[in-house]
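Trainee: protein.json is the file, holding JSON, C-alpha atoms:
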```
[["chain", "number", "residue", "atom", "x", "y", "z"],
["A", 22, "MET", "CA", 2.18, -19.44, -12.55],
["A", 23, "LEU", "CA", 5.67, -18.13, -11.71],
["A", 24, "VAL", "CA", 5.93, -16.07, -8.52],
["A", 25, "SER", "CA", 8.87, -13.70, -8.04],
["A", 26, "VAL", "CA", 9.80, -12.84, -4.46],
["A", 27, "VAL", "CA", 11.89, -9.72, -3.85],
["A", 28, "VAL", "CA", 14.14, -9.56, -0.79],
["A", 29, "ALA", "CA", 16.25, -6.44, -0.13],
["A", 30, "THR", "CA", 19.06, -6.92, 2.41],
["A", 31, "ARG", "CA", 22.01, -5.18, 4.02],
["A", 32, "ASN", "CA", 24.37, -6.60, 6.67],
["A", 33, "ARG", "CA", 21.94, -9.11, 8.22],
["A", 34, "PRO", "CA", 23.18, -12.51, 6.96],
["A", 35, "GLU", "CA", 21.76, -14.63, 9.78],
["A", 36, "LEU", "CA", 18.30, -13.07, 9.53],
["A", 37, "LEU", "CA", 18.48, -13.32, 5.74],
["A", 38, "ARG", "CA", 19.25, -17.03, 6.02],
["A", 39, "SER", "CA", 16.08, -17.65, 8.04],
["A", 40, "THR", "CA", 14.03, -15.65, 5.54],
["A", 41, "LEU", "CA", 15.37, -17.51, 2.50],
["A", 42, "LEU", "CA", 15.06, -20.98, 4.02],
["A", 43, "ALA", "CA", 11.42, -20.19, 4.85],
["A", 44, "LEU", "CA", 10.88, -19.19, 1.21],
["A", 45, "LYS", "CA", 12.52, -22.42, 0.05],
["A", 46, "ALA", "CA", 9.98, -24.35, 2.15],
["A", 47, "GLN", "CA", 7.04, -23.03, 0.10],
["A", 48, "THR", "CA", 5.14, -25.88, -1.54],
["A", 49, "HIS", "CA", 4.55, -23.82, -4.69],
["A", 50, "GLN", "CA", 7.59, -24.73, -6.77],
["A", 51, "ALA", "CA", 7.25, -22.20, -9.62],
["A", 52, "LEU", "CA", 9.21, -19.67, -7.65],
["A", 53, "GLU", "CA", 12.13, -17.30, -8.14],
["A", 54, "VAL", "CA", 13.69, -15.26, -5.35],
["A", 55, "VAL", "CA", 15.71, -12.15, -6.19],
["A", 56, "VAL", "CA", 17.91, -11.01, -3.30],
["A", 57, "LEU", "CA", 19.30, -7.49, -3.69],
["A", 58, "ASP", "CA", 22.31, -6.80, -1.46],
["A", 59, "ASP", "CA", 22.54, -3.04, -0.96],
["A", 60, "GLY", "CA", 26.16, -2.28, -0.12],
["A", 61, "SER", "CA", 26.77, -4.85, 2.64],
["A", 62, "SER", "CA", 30.21, -5.18, 4.20],
["A", 63, "SER", "CA", 32.81, -7.54, 2.75],
["A", 64, "ALA", "CA", 32.41, -9.73, 5.86],
["A", 65, "THR", "CA", 28.69, -10.11, 5.17],
["A", 66, "ARG", "CA", 29.15, -10.78, 1.47],
["A", 67, "ALA", "CA", 31.75, -13.43, 2.21],
["A", 68, "GLN", "CA", 29.02, -15.46, 3.97],
["A", 69, "TYR", "CA", 26.76, -15.66, 0.92],
["A", 70, "ALA", "CA", 28.65, -18.50, -0.75],
["A", 71, "GLN", "CA", 27.94, -20.80, 2.20],
["A", 72, "LEU", "CA", 24.32, -19.66, 2.41],
["A", 73, "TRP", "CA", 23.66, -20.32, -1.27],
["A", 74, "ARG", "CA", 24.84, -23.93, -0.85],
["A", 75, "GLU", "CA", 21.69, -24.40, 1.23],
["A", 76, "LEU", "CA", 19.47, -22.99, -1.52],
["A", 77, "ASP", "CA", 18.88, -23.87, -5.17],
["A", 78, "ASP", "CA", 18.97, -22.27, -8.60],
["A", 79, "ARG", "CA", 15.68, -20.47, -8.01],
["A", 80, "PHE", "CA", 17.55, -18.03, -5.74],
["A", 81, "LEU", "CA", 19.39, -15.17, -7.46],
["A", 82, "LEU", "CA", 21.77, -12.80, -5.67],
["A", 83, "VAL", "CA", 22.20, -9.30, -7.08],
["A", 84, "VAL", "CA", 25.06, -7.33, -5.47],
["A", 85, "GLN", "CA", 24.70, -3.56, -5.58],
["A", 86, "GLY", "CA", 27.66, -1.22, -5.04],
["A", 87, "GLN", "CA", 31.07, -1.66, -3.47],
["A", 88, "ASP", "CA", 31.54, -3.49, -0.18],
["A", 89, "GLY", "CA", 30.43, -1.34, 2.73],
["A", 90, "GLN", "CA", 29.41, 1.69, 0.72],
["A", 91, "ARG", "CA", 26.40, 3.77, 1.69],
["A", 92, "GLY", "CA", 23.26, 1.95, 0.62],
["A", 93, "GLN", "CA", 20.80, 3.31, -1.92],
["A", 94, "GLY", "CA", 17.93, 2.44, 0.42],
["A", 95, "PRO", "CA", 15.03, -0.06, 0.33],
["A", 96, "SER", "CA", 12.92, 1.77, -2.26],
["A", 97, "ALA", "CA", 15.61, 1.92, -4.96],
["A", 98, "SER", "CA", 16.88, -1.57, -4.00],
["A", 99, "ARG", "CA", 13.47, -3.15, -4.44],
["A", 100, "ASN", "CA", 12.89, -1.33, -7.72],
["A", 101, "GLN", "CA", 16.21, -2.65, -9.01],
["A", 102, "ALA", "CA", 15.32, -6.17, -7.89],
["A", 103, "ILE", "CA", 11.91, -5.95, -9.57],
["A", 104, "GLN", "CA", 13.68, -5.32, -12.89],
["A", 105, "ALA", "CA", 15.41, -8.70, -12.49],
["A", 106, "THR", "CA", 12.14, -10.63, -11.93],
["A", 107, "HIS", "CA", 10.14, -12.58, -14.51],
["A", 108, "GLY", "CA", 7.07, -13.80, -12.63],
["A", 109, "GLU", "CA", 3.49, -12.93, -13.48],
["A", 110, "LEU", "CA", 3.04, -12.47, -9.72],
["A", 111, "VAL", "CA", 5.37, -10.55, -7.38],
["A", 112, "ALA", "CA", 5.68, -10.80, -3.61],
["A", 113, "PHE", "CA", 8.02, -9.32, -1.01],
["A", 114, "CYS", "CA", 9.61, -10.46, 2.22],
["A", 115, "ASP", "CA", 11.88, -8.27, 4.34],
["A", 116, "ASP", "CA", 15.18, -9.81, 5.39],
["A", 117, "ASP", "CA", 14.30, -9.53, 9.09],
["A", 118, "ASP", "CA", 10.88, -11.16, 8.65],
["A", 119, "LEU", "CA", 9.79, -14.54, 7.33],
["A", 120, "TRP", "CA", 6.89, -16.52, 5.92],
["A", 121, "ILE", "CA", 5.61, -19.12, 8.39],
["A", 122, "ASP", "CA", 3.00, -20.84, 6.21],
["A", 123, "ALA", "CA", 4.41, -23.18, 3.55],
["A", 124, "GLU", "CA", 1.07, -23.13, 1.67],
["A", 125, "HIS", "CA", 0.94, -19.33, 1.37],
["A", 126, "LEU", "CA", 1.90, -19.07, -2.31],
["A", 127, "SER", "CA", -0.09, -22.13, -3.31],
["A", 128, "ARG", "CA", -3.28, -20.54, -1.97],
["A", 129, "ALA", "CA", -2.49, -17.18, -3.53],
["A", 130, "VAL", "CA", -1.74, -18.68, -6.95],
["A", 131, "GLY", "CA", -4.98, -20.66, -6.76],
["A", 132, "ALA", "CA", -6.94, -17.46, -6.19],
["A", 133, "PHE", "CA", -5.20, -15.59, -9.02],
["A", 134, "GLY", "CA", -5.63, -18.53, -11.38],
["A", 135, "ALA", "CA", -9.35, -18.79, -10.67],
["A", 136, "HIS", "CA", -10.09, -15.06, -10.99],
["A", 137, "ALA", "CA", -8.57, -13.17, -13.90],
["A", 138, "ASP", "CA", -9.60, -9.79, -12.45],
["A", 139, "LEU", "CA", -7.81, -10.36, -9.14],
["A", 140, "ASP", "CA", -4.80, -8.04, -8.97],
["A", 141, "LEU", "CA", -3.84, -7.91, -5.30],
["A", 142, "TYR", "CA", -3.97, -10.64, -2.63],
["A", 143, "ILE", "CA", -3.60, -9.77, 1.06],
["A", 144, "SER", "CA", -2.90, -12.32, 3.77],
["A", 145, "ASN", "CA", -2.49, -11.83, 7.51],
["A", 146, "GLN", "CA", 0.63, -11.61, 9.64],
["A", 147, "ARG", "CA", 1.81, -12.12, 13.20],
["A", 148, "ALA", "CA", 3.67, -9.18, 14.74],
["A", 149, "VAL", "CA", 6.39, -9.87, 17.31],
["A", 150, "TYR", "CA", 7.32, -6.82, 19.41],
["A", 151, "PRO", "CA", 10.72, -6.12, 21.00],
["A", 152, "ASP", "CA", 9.38, -6.95, 24.49],
["A", 153, "GLY", "CA", 8.31, -10.40, 23.29],
["A", 154, "SER", "CA", 4.60, -9.69, 23.08],
["A", 155, "VAL", "CA", 2.78, -11.00, 20.03],
["A", 156, "CYS", "CA", -0.18, -9.75, 17.99],
["A", 157, "GLU", "CA", -1.77, -12.56, 15.98],
["A", 158, "ASP", "CA", -3.99, -10.39, 13.78],
["A", 159, "TRP", "CA", -2.54, -7.41, 11.91],
["A", 160, "LEU", "CA", -5.86, -6.15, 10.47],
["A", 161, "PRO", "CA", -8.54, -7.17, 13.02],
["A", 162, "PRO", "CA", -11.30, -4.88, 11.64],
["A", 163, "LEU", "CA", -10.91, -6.55, 8.25],
["A", 164, "THR", "CA", -10.82, -10.03, 9.77],
["A", 165, "LYS", "CA", -14.10, -9.36, 11.57],
["A", 166, "GLN", "CA", -15.80, -8.55, 8.26],
["A", 167, "TRP", "CA", -14.22, -11.42, 6.35],
["A", 168, "ALA", "CA", -17.01, -13.99, 6.67],
["A", 169, "ALA", "CA", -19.54, -11.57, 5.15],
["A", 170, "MET", "CA", -17.36, -10.83, 2.12],
["A", 171, "PRO", "CA", -18.00, -12.65, -1.19],
["A", 172, "ALA", "CA", -15.93, -15.85, -1.36],
["A", 173, "LEU", "CA", -13.32, -16.21, -4.10],
["A", 174, "THR", "CA", -11.92, -19.51, -2.81],
["A", 175, "THR", "CA", -12.37, -21.47, 0.39],
["A", 176, "ASP", "CA", -9.65, -19.46, 2.08],
["A", 177, "CYS", "CA", -9.92, -15.97, 0.61],
["A", 178, "HIS", "CA", -12.77, -13.55, 0.04],
["A", 179, "ARG", "CA", -13.16, -10.47, -2.11],
["A", 180, "VAL", "CA", -12.73, -7.19, -0.25],
["A", 181, "SER", "CA", -13.87, -3.83, -1.55],
["A", 182, "LEU", "CA", -11.68, -0.75, -1.68],
["A", 183, "ALA", "CA", -14.07, 0.99, 0.71],
["A", 184, "GLN", "CA", -13.85, -1.85, 3.26],
["A", 185, "LEU", "CA", -10.08, -1.90, 3.04],
["A", 186, "SER", "CA", -9.62, 1.84, 3.44],
["A", 187, "GLN", "CA", -12.08, 2.01, 6.33],
["A", 188, "CYS", "CA", -10.41, -0.72, 8.37],
["A", 189, "GLY", "CA", -7.42, 1.46, 9.29],
["A", 190, "GLY", "CA", -3.76, 0.58, 8.95],
["A", 191, "PHE", "CA", -2.33, -1.02, 5.86],
["A", 192, "ALA", "CA", -0.91, -4.35, 4.72],
["A", 193, "HIS", "CA", 2.86, -4.70, 5.03],
["A", 194, "LEU", "CA", 4.86, -5.97, 2.07],
["A", 195, "ASN", "CA", 5.21, -9.42, 3.66],
["A", 196, "MET", "CA", 1.45, -9.86, 3.38],
["A", 197, "LEU", "CA", 1.10, -9.00, -0.32],
["A", 198, "VAL", "CA", 1.07, -10.89, -3.60],
["A", 199, "LEU", "CA", 0.23, -8.80, -6.65],
["A", 200, "ARG", "CA", 0.28, -9.00, -10.41],
["A", 201, "ARG", "CA", 3.48, -7.74, -11.94],
["A", 202, "LYS", "CA", 1.50, -5.56, -14.34],
["A", 203, "LEU", "CA", -0.19, -3.76, -11.45],
["A", 204, "LEU", "CA", 3.16, -3.16, -9.77],
["A", 205, "LEU", "CA", 4.68, -1.72, -12.93],
["A", 206, "ASP", "CA", 1.60, 0.37, -13.74],
["A", 207, "ALA", "CA", 1.85, 1.91, -10.26],
["A", 208, "GLY", "CA", 5.48, 2.85, -10.97],
["A", 209, "GLY", "CA", 7.03, 0.65, -8.30],
["A", 210, "PHE", "CA", 8.37, 2.17, -5.10],
["A", 211, "TRP", "CA", 8.61, 5.92, -4.72],
["A", 212, "GLU", "CA", 12.34, 6.52, -4.39],
["A", 213, "GLY", "CA", 11.81, 9.93, -2.81],
["A", 214, "VAL", "CA", 11.50, 8.24, 0.59],
["A", 215, "ASN", "CA", 12.90, 5.22, 2.42],
["A", 216, "TYR", "CA", 10.42, 5.38, 5.27],
["A", 217, "GLU", "CA", 6.76, 4.32, 4.91],
["A", 218, "GLU", "CA", 7.53, 3.48, 1.29],
["A", 219, "ASP", "CA", 5.50, 0.31, 1.83],
["A", 220, "ARG", "CA", 2.41, 2.30, 2.83],
["A", 221, "ASP", "CA", 2.86, 4.48, -0.26],
["A", 222, "LEU", "CA", 3.13, 1.53, -2.65],
["A", 223, "PHE", "CA", 0.25, -0.34, -1.04],
["A", 224, "TRP", "CA", -2.36, 2.38, -1.43],
["A", 225, "ARG", "CA", -1.26, 3.34, -4.94],
["A", 226, "CYS", "CA", -1.58, -0.32, -5.99],
["A", 227, "VAL", "CA", -4.92, -0.73, -4.21],
["A", 228, "ASP", "CA", -6.23, 2.31, -6.07],
["A", 229, "ARG", "CA", -5.34, 0.76, -9.44],
["A", 230, "ALA", "CA", -6.33, -2.85, -8.70],
["A", 231, "ARG", "CA", -9.32, -4.37, -10.48],
["A", 232, "GLY", "CA", -9.95, -6.94, -7.74],
["A", 233, "LEU", "CA", -8.76, -7.26, -4.12],
["A", 234, "ALA", "CA", -8.73, -10.37, -1.95],
["A", 235, "TYR", "CA", -8.10, -10.97, 1.75],
["A", 236, "THR", "CA", -7.45, -14.10, 3.78],
["A", 237, "PRO", "CA", -7.25, -14.01, 7.58],
["A", 238, "LYS", "CA", -4.73, -16.88, 7.54],
["A", 239, "VAL", "CA", -1.47, -15.84, 9.20],
["A", 240, "THR", "CA", 1.23, -16.39, 6.61],
["A", 241, "ALA", "CA", 4.06, -14.09, 7.74],
["A", 242, "GLN", "CA", 5.88, -13.16, 10.91],
["A", 243, "HIS", "CA", 6.82, -9.50, 11.19],
["A", 244, "HIS", "CA", 9.44, -8.41, 13.72],
["A", 245, "VAL", "CA", 8.59, -4.90, 14.83],
["A", 246, "PRO", "CA", 11.79, -2.81, 14.99],
["A", 247, "ASP", "CA", 13.12, -1.86, 18.41],
["A", 248, "ARG", "CA", 13.01, 1.94, 18.61],
["A", 249, "ALA", "CA", 15.90, 1.83, 21.10],
["A", 250, "LYS", "CA", 18.22, 0.35, 18.47],
["A", 251, "GLN", "CA", 19.41, 1.46, 15.03],
["A", 252, "ASN", "CA", 19.49, -1.96, 13.35],
["A", 253, "ASN", "CA", 16.69, -1.05, 10.98],
["A", 254, "VAL", "CA", 16.61, 1.69, 8.32],
["A", 255, "SER", "CA", 13.52, 3.34, 9.81],
["A", 256, "MET", "CA", 15.09, 3.45, 13.27],
["A", 257, "THR", "CA", 18.09, 5.46, 12.07],
["A", 258, "VAL", "CA", 15.73, 8.37, 11.39],
["A", 259, "PRO", "CA", 14.89, 10.76, 14.29],
["A", 260, "PRO", "CA", 11.19, 10.75, 15.36],
["A", 261, "THR", "CA", 10.50, 14.24, 14.02],
["A", 262, "ASP", "CA", 11.95, 13.30, 10.64],
["A", 263, "ARG", "CA", 9.84, 10.14, 10.62],
["A", 264, "TRP", "CA", 6.68, 12.20, 11.22],
["A", 265, "LEU", "CA", 7.68, 14.63, 8.48],
["A", 266, "MET", "CA", 8.41, 11.88, 5.97],
["A", 267, "ALA", "CA", 5.23, 10.01, 6.87],
["A", 268, "ALA", "CA", 3.22, 13.20, 6.36],
["A", 269, "MET", "CA", 4.89, 13.67, 2.97],
["A", 270, "VAL", "CA", 3.98, 10.08, 2.07],
["A", 271, "CYS", "CA", 0.34, 10.81, 2.94],
["A", 272, "ARG", "CA", 0.37, 13.80, 0.60],
["A", 273, "HIS", "CA", 2.05, 11.76, -2.13],
["A", 274, "ILE", "CA", -0.60, 9.06, -1.89],
["A", 275, "ALA", "CA", -3.43, 11.60, -1.91],
["A", 276, "MET", "CA", -1.93, 13.25, -5.01],
["A", 277, "SER", "CA", -1.45, 9.89, -6.77],
["A", 278, "VAL", "CA", -4.79, 8.11, -6.29],
["A", 279, "SER", "CA", -8.30, 8.69, -7.55],
["A", 280, "SER", "CA", -10.26, 6.97, -4.76],
["A", 281, "PRO", "CA", -11.89, 9.43, -2.31],
["A", 282, "TYR", "CA", -11.76, 6.70, 0.35],
["A", 283, "ILE", "CA", -7.97, 6.50, 0.18],
["A", 284, "VAL", "CA", -7.58, 10.27, 0.01],
["A", 285, "LYS", "CA", -9.70, 10.70, 3.14],
["A", 286, "LEU", "CA", -7.79, 7.97, 4.99],
["A", 287, "CYS", "CA", -4.38, 9.40, 4.14],
["A", 288, "LEU", "CA", -5.26, 13.00, 4.94],
["A", 289, "ARG", "CA", -6.71, 11.95, 8.30],
["A", 290, "HIS", "CA", -3.49, 10.06, 9.01],
["A", 291, "GLU", "CA", -1.55, 13.17, 8.03],
["A", 292, "GLY", "CA", -3.60, 15.06, 10.61],
["A", 293, "ASP", "CA", -2.42, 12.66, 13.33],
["A", 294, "LEU", "CA", 1.19, 13.21, 12.25],
["A", 295, "LEU", "CA", 0.74, 16.99, 12.29],
["A", 296, "ARG", "CA", -0.52, 16.69, 15.86],
["A", 297, "HIS", "CA", 2.70, 14.93, 16.86],
["A", 298, "LEU", "CA", 4.73, 17.67, 15.19],
["A", 299, "SER", "CA", 2.66, 20.40, 16.80],
["A", 300, "GLU", "CA", 3.03, 18.92, 20.28],
["A", 301, "HIS", "CA", 6.76, 18.45, 19.74],
["A", 302, "SER", "CA", 7.16, 22.07, 18.63],
["A", 303, "SER", "CA", 5.16, 23.24, 21.64],
["A", 304, "GLN", "CA", 7.41, 21.25, 24.00],
["A", 305, "GLN", "CA", 10.40, 22.96, 22.38],
["A", 306, "GLY", "CA", 8.86, 26.38, 22.99],
["A", 307, "ARG", "CA", 8.26, 27.07, 19.31],
["A", 308, "TYR", "CA", 4.67, 28.19, 19.79],
["A", 309, "PRO", "CA", 4.07, 30.00, 16.46],
["A", 310, "THR", "CA", 5.16, 26.84, 14.58],
["A", 311, "ALA", "CA", 3.11, 24.64, 16.91],
["A", 312, "ARG", "CA", 0.07, 26.86, 16.32],
["A", 313, "ARG", "CA", 0.27, 26.61, 12.53],
["A", 314, "LEU", "CA", 0.73, 22.85, 12.63],
["A", 315, "ALA", "CA", -2.12, 22.49, 15.11],
["A", 316, "TRP", "CA", -4.61, 24.35, 12.90],
["A", 317, "GLN", "CA", -3.60, 22.22, 9.91],
["A", 318, "ALA", "CA", -4.13, 19.10, 12.01],
["A", 319, "LEU", "CA", -7.56, 20.34, 13.07],
["A", 320, "GLY", "CA", -8.54, 20.80, 9.44],
["A", 321, "ALA", "CA", -7.54, 17.22, 8.68],
["A", 322, "LYS", "CA", -9.31, 15.70, 11.69],
["A", 323, "PHE", "CA", -11.66, 17.77, 13.85],
["A", 324, "THR", "CA", -12.18, 17.12, 17.57],
["A", 325, "TRP", "CA", -13.35, 19.62, 20.18],
["A", 326, "LYS", "CA", -10.44, 18.73, 22.45],
["A", 327, "TRP", "CA", -7.94, 19.55, 19.72],
["A", 328, "ALA", "CA", -9.84, 22.71, 18.81],
["A", 329, "LEU", "CA", -9.41, 23.93, 22.41],
["A", 330, "TYR", "CA", -5.73, 23.07, 22.19],
["A", 331, "CYS", "CA", -5.50, 25.19, 19.03],
["A", 332, "VAL", "CA", -7.08, 28.13, 20.83],
["A", 333, "TRP", "CA", -4.63, 27.74, 23.73],
["A", 334, "LEU", "CA", -1.72, 27.62, 21.31],
["A", 335, "GLN", "CA", -3.05, 30.73, 19.55],
["A", 336, "ALA", "CA", -2.95, 32.63, 22.84],
["A", 337, "ARG", "CA", 0.40, 31.15, 23.86],
["A", 338, "SER", "CA", 1.86, 32.04, 20.49],
["A", 339, "LEU", "CA", 0.72, 35.67, 20.78],
["A", 340, "MET", "CA", 2.19, 35.85, 24.27],
["A", 341, "SER", "CA", 5.53, 34.52, 23.08],
["A", 342, "LEU", "CA", 5.65, 37.10, 20.28],
["A", 343, "SER", "CA", 4.92, 39.95, 22.71],
["A", 344, "LEU", "CA", 7.69, 39.00, 25.12],
["A", 345, "PRO", "CA", 10.88, 41.08, 24.81],
["A", 346, "SER", "CA", 13.78, 39.23, 23.23],
["A", 347, "ARG", "CA", 16.85, 38.61, 25.37]]
```
I'd like the structure from this file rewritten - as structure tokens, please.
Mentor:
Amino acid sequence: MLVSVVVATRNRPELLRSTLLALKAQTHQALEVVVLDDGSSSATRAQYAQLWRELDDRFLLVVQGQDGQRGQGPSASRNQAIQATHGELVAFCDDDDLWIDAEHLSRAVGAFGAHADLDLYISNQRAVYPDGSVCEDWLPPLTKQWAAMPALTTDCHRVSLAQLSQCGGFAHLNMLVLRRKLLLDAGGFWEGVNYEEDRDLFWRCVDRARGLAYTPKVTAQHHVPDRAKQNNVSMTVPPTDRWLMAAMVCRHIAMSVSSPYIVKLCLRHEGDLLRHLSEHSSQQGRYPTARRLAWQALGAKFTWKWALYCVWLQARSLMSLSLPSR
């Protein structure tokens, strides 16, 4: 069973090298890796010839745009790379992350081969934070339930959509292997955003999947971006814009899926984002805006503490409107 791995990259040749060499170490040999370079500099692109000498003919480089031009972003890049794949199964690995388990694809292919209705396979990942701290379990609520789930193979068990949506969080791209048909049926990545596009794709695919599997085995290492730096696409976006885009993603998911579990999860998450926006607006003295956002957040996720905050904002907003303008 051929597995296609999509890697989008831009101006990170050393990190990309680590990612690709880890993919080369996979014991499953029926593998193709499509690397989409999204407008890297000429200096970066000049290093690819040497890097590809360390790889083999299973690794394909697709160069997008002129050297150093503005990139089209990860969503469009990945969609373009998907069009160049041929595998029945598709996986992803970001250029600043890597797979740390050489048996990862072998186990996943075994599960897909044994269960024709399995459409999406989720593994676990280790998260490394900028301060050096490490989290060894990305989805602990799901891991705790794993033993009670129906076994598909020795290493992976079937997980229901309800269990997955109730565990909180979502599986990053590095943790996923899915059938190509499912990916195409879901429409690929939503190119309207380049932030939280992975969350958007994940829940739309989960909603359409016939069967879902989870293994608690740690197969990937995710390097959490440093918010103090702008060496990651998501970190080039101001916090308020990130909250706005994430809220839009929540709405997009809710409008695109049929599962009430996913809709509830996404709208509750949108409520948390609206709280951030409300508090930010309040700190800026924009009380009428903060009030409207606060009431919307309360509707998405009710707590008495937030209800009292809404009442305070209501009064503060009326006071600000009654003050004479300078």
Trainee: Skipping near chain neighbours, those fewer than 3 positions away, what residues fall within 8 Å of Arg201 in chain A using only C-alpha atoms, listed as a short mmCIF file (atom, residue, chain, number, x, y, z; two decimals) with C-alpha atoms, in the frame of the given file?
Mentor:
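Contents of selection-v3.cif, as written:
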```
data_model
loop_
_atom_site.label_atom_id
_atom_site.label_comp_id
_atom_site.auth_asym_id
_atom_site.auth_seq_id
_atom_site.Cartn_x
_atom_site.Cartn_y
_atom_site.Cartn_z
CA GLY A 108 7.07 -13.80 -12.63
CA GLU A 109 3.49 -12.93 -13.48
CA LEU A 110 3.04 -12.47 -9.72
CA VAL A 111 5.37 -10.55 -7.38
CA LEU A 204 3.16 -3.16 -9.77
CA LEU A 205 4.68 -1.72 -12.93
#
```
Trainee: Give me the residues near Phe323 in chain A as a PyMOL selection string, where near means some atom within 12 Å (using all atoms listed in the file) and where sequence neighbours in that chain fewer than 6 positions away do not count.
Mentor: chain A and resi 288-289+292-293+296+315-317+329-331
Trainee: In Å, with one decimal, what is the gap from CA of Ala318 in chain A to CA of Glu217 in chain A?
Mentor: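 Separation of CA of Ala318 in chain A and CA of Glu217 in chain A: 19.7 Å.
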Trainee: Closest to Met266 in chain A among A:Cys156, A:Leu173, A:Met196, A:Leu294, using all atoms listed in the file?
Mentor: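 Comparing A:Cys156, A:Leu173, A:Met196, A:Leu294 against Met266 in chain A, the winner is A:Leu294.
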Trainee: Using only C-alpha atoms, pick whichever of A:Thr164, A:Thr261, A:Ser98, A:Ser299 has the shortest atom-to-atom distance to Gln184 in chain A.
Mentor: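 Counting only C-alpha atoms, the residue closest to Gln184 in chain A is A:Thr164.
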Trainee: So that I can check the surroundings of Gly131 in chain A, please list as a list in words every protein, DNA and RNA residue that reaches within 10 Å of it, counting only C-alpha atoms and ignoring chain neighbours fewer than 3 positions away.
Mentor: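 Residues meeting the cut-off are Met22, Leu126, Ser127, Arg128, Gly134, Ala135, His136, Leu173 and Thr174 of chain A.
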Trainee: Create the file for the chosen residues now, containing C-alpha atoms and written as a PDB file, in the coordinates of the input.
Mentor:
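As written to disk, out_7.pdb reads:
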```pdb
ATOM      1  CA  MET A  22       2.180 -19.440 -12.550  1.00  0.00           C
ATOM      2  CA  LEU A 126       1.900 -19.070  -2.310  1.00  0.00           C
ATOM      3  CA  SER A 127      -0.090 -22.130  -3.310  1.00  0.00           C
ATOM      4  CA  ARG A 128      -3.280 -20.540  -1.970  1.00  0.00           C
ATOM      5  CA  GLY A 134      -5.630 -18.530 -11.380  1.00  0.00           C
ATOM      6  CA  ALA A 135      -9.350 -18.790 -10.670  1.00  0.00           C
ATOM      7  CA  HIS A 136     -10.090 -15.060 -10.990  1.00  0.00           C
ATOM      8  CA  LEU A 173     -13.320 -16.210  -4.100  1.00  0.00           C
ATOM      9  CA  THR A 174     -11.920 -19.510  -2.810  1.00  0.00           C
TER      10      THR A 174
END
```
Trainee: Rank nothing, just name the residue among A:Arg31, A:Gln85, A:Pro95, A:Leu185 nearest to Ala64 in chain A, using all atoms listed in the file.
Mentor: A:Arg31
Trainee: Please report the interatomic distance between CA of Lys165 in chain A and CA of Val284 in chain A in Å with one decimal.
Mentor: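 About the pair CA of Lys165 in chain A and CA of Val284 in chain A: they are 23.7 Å apart.
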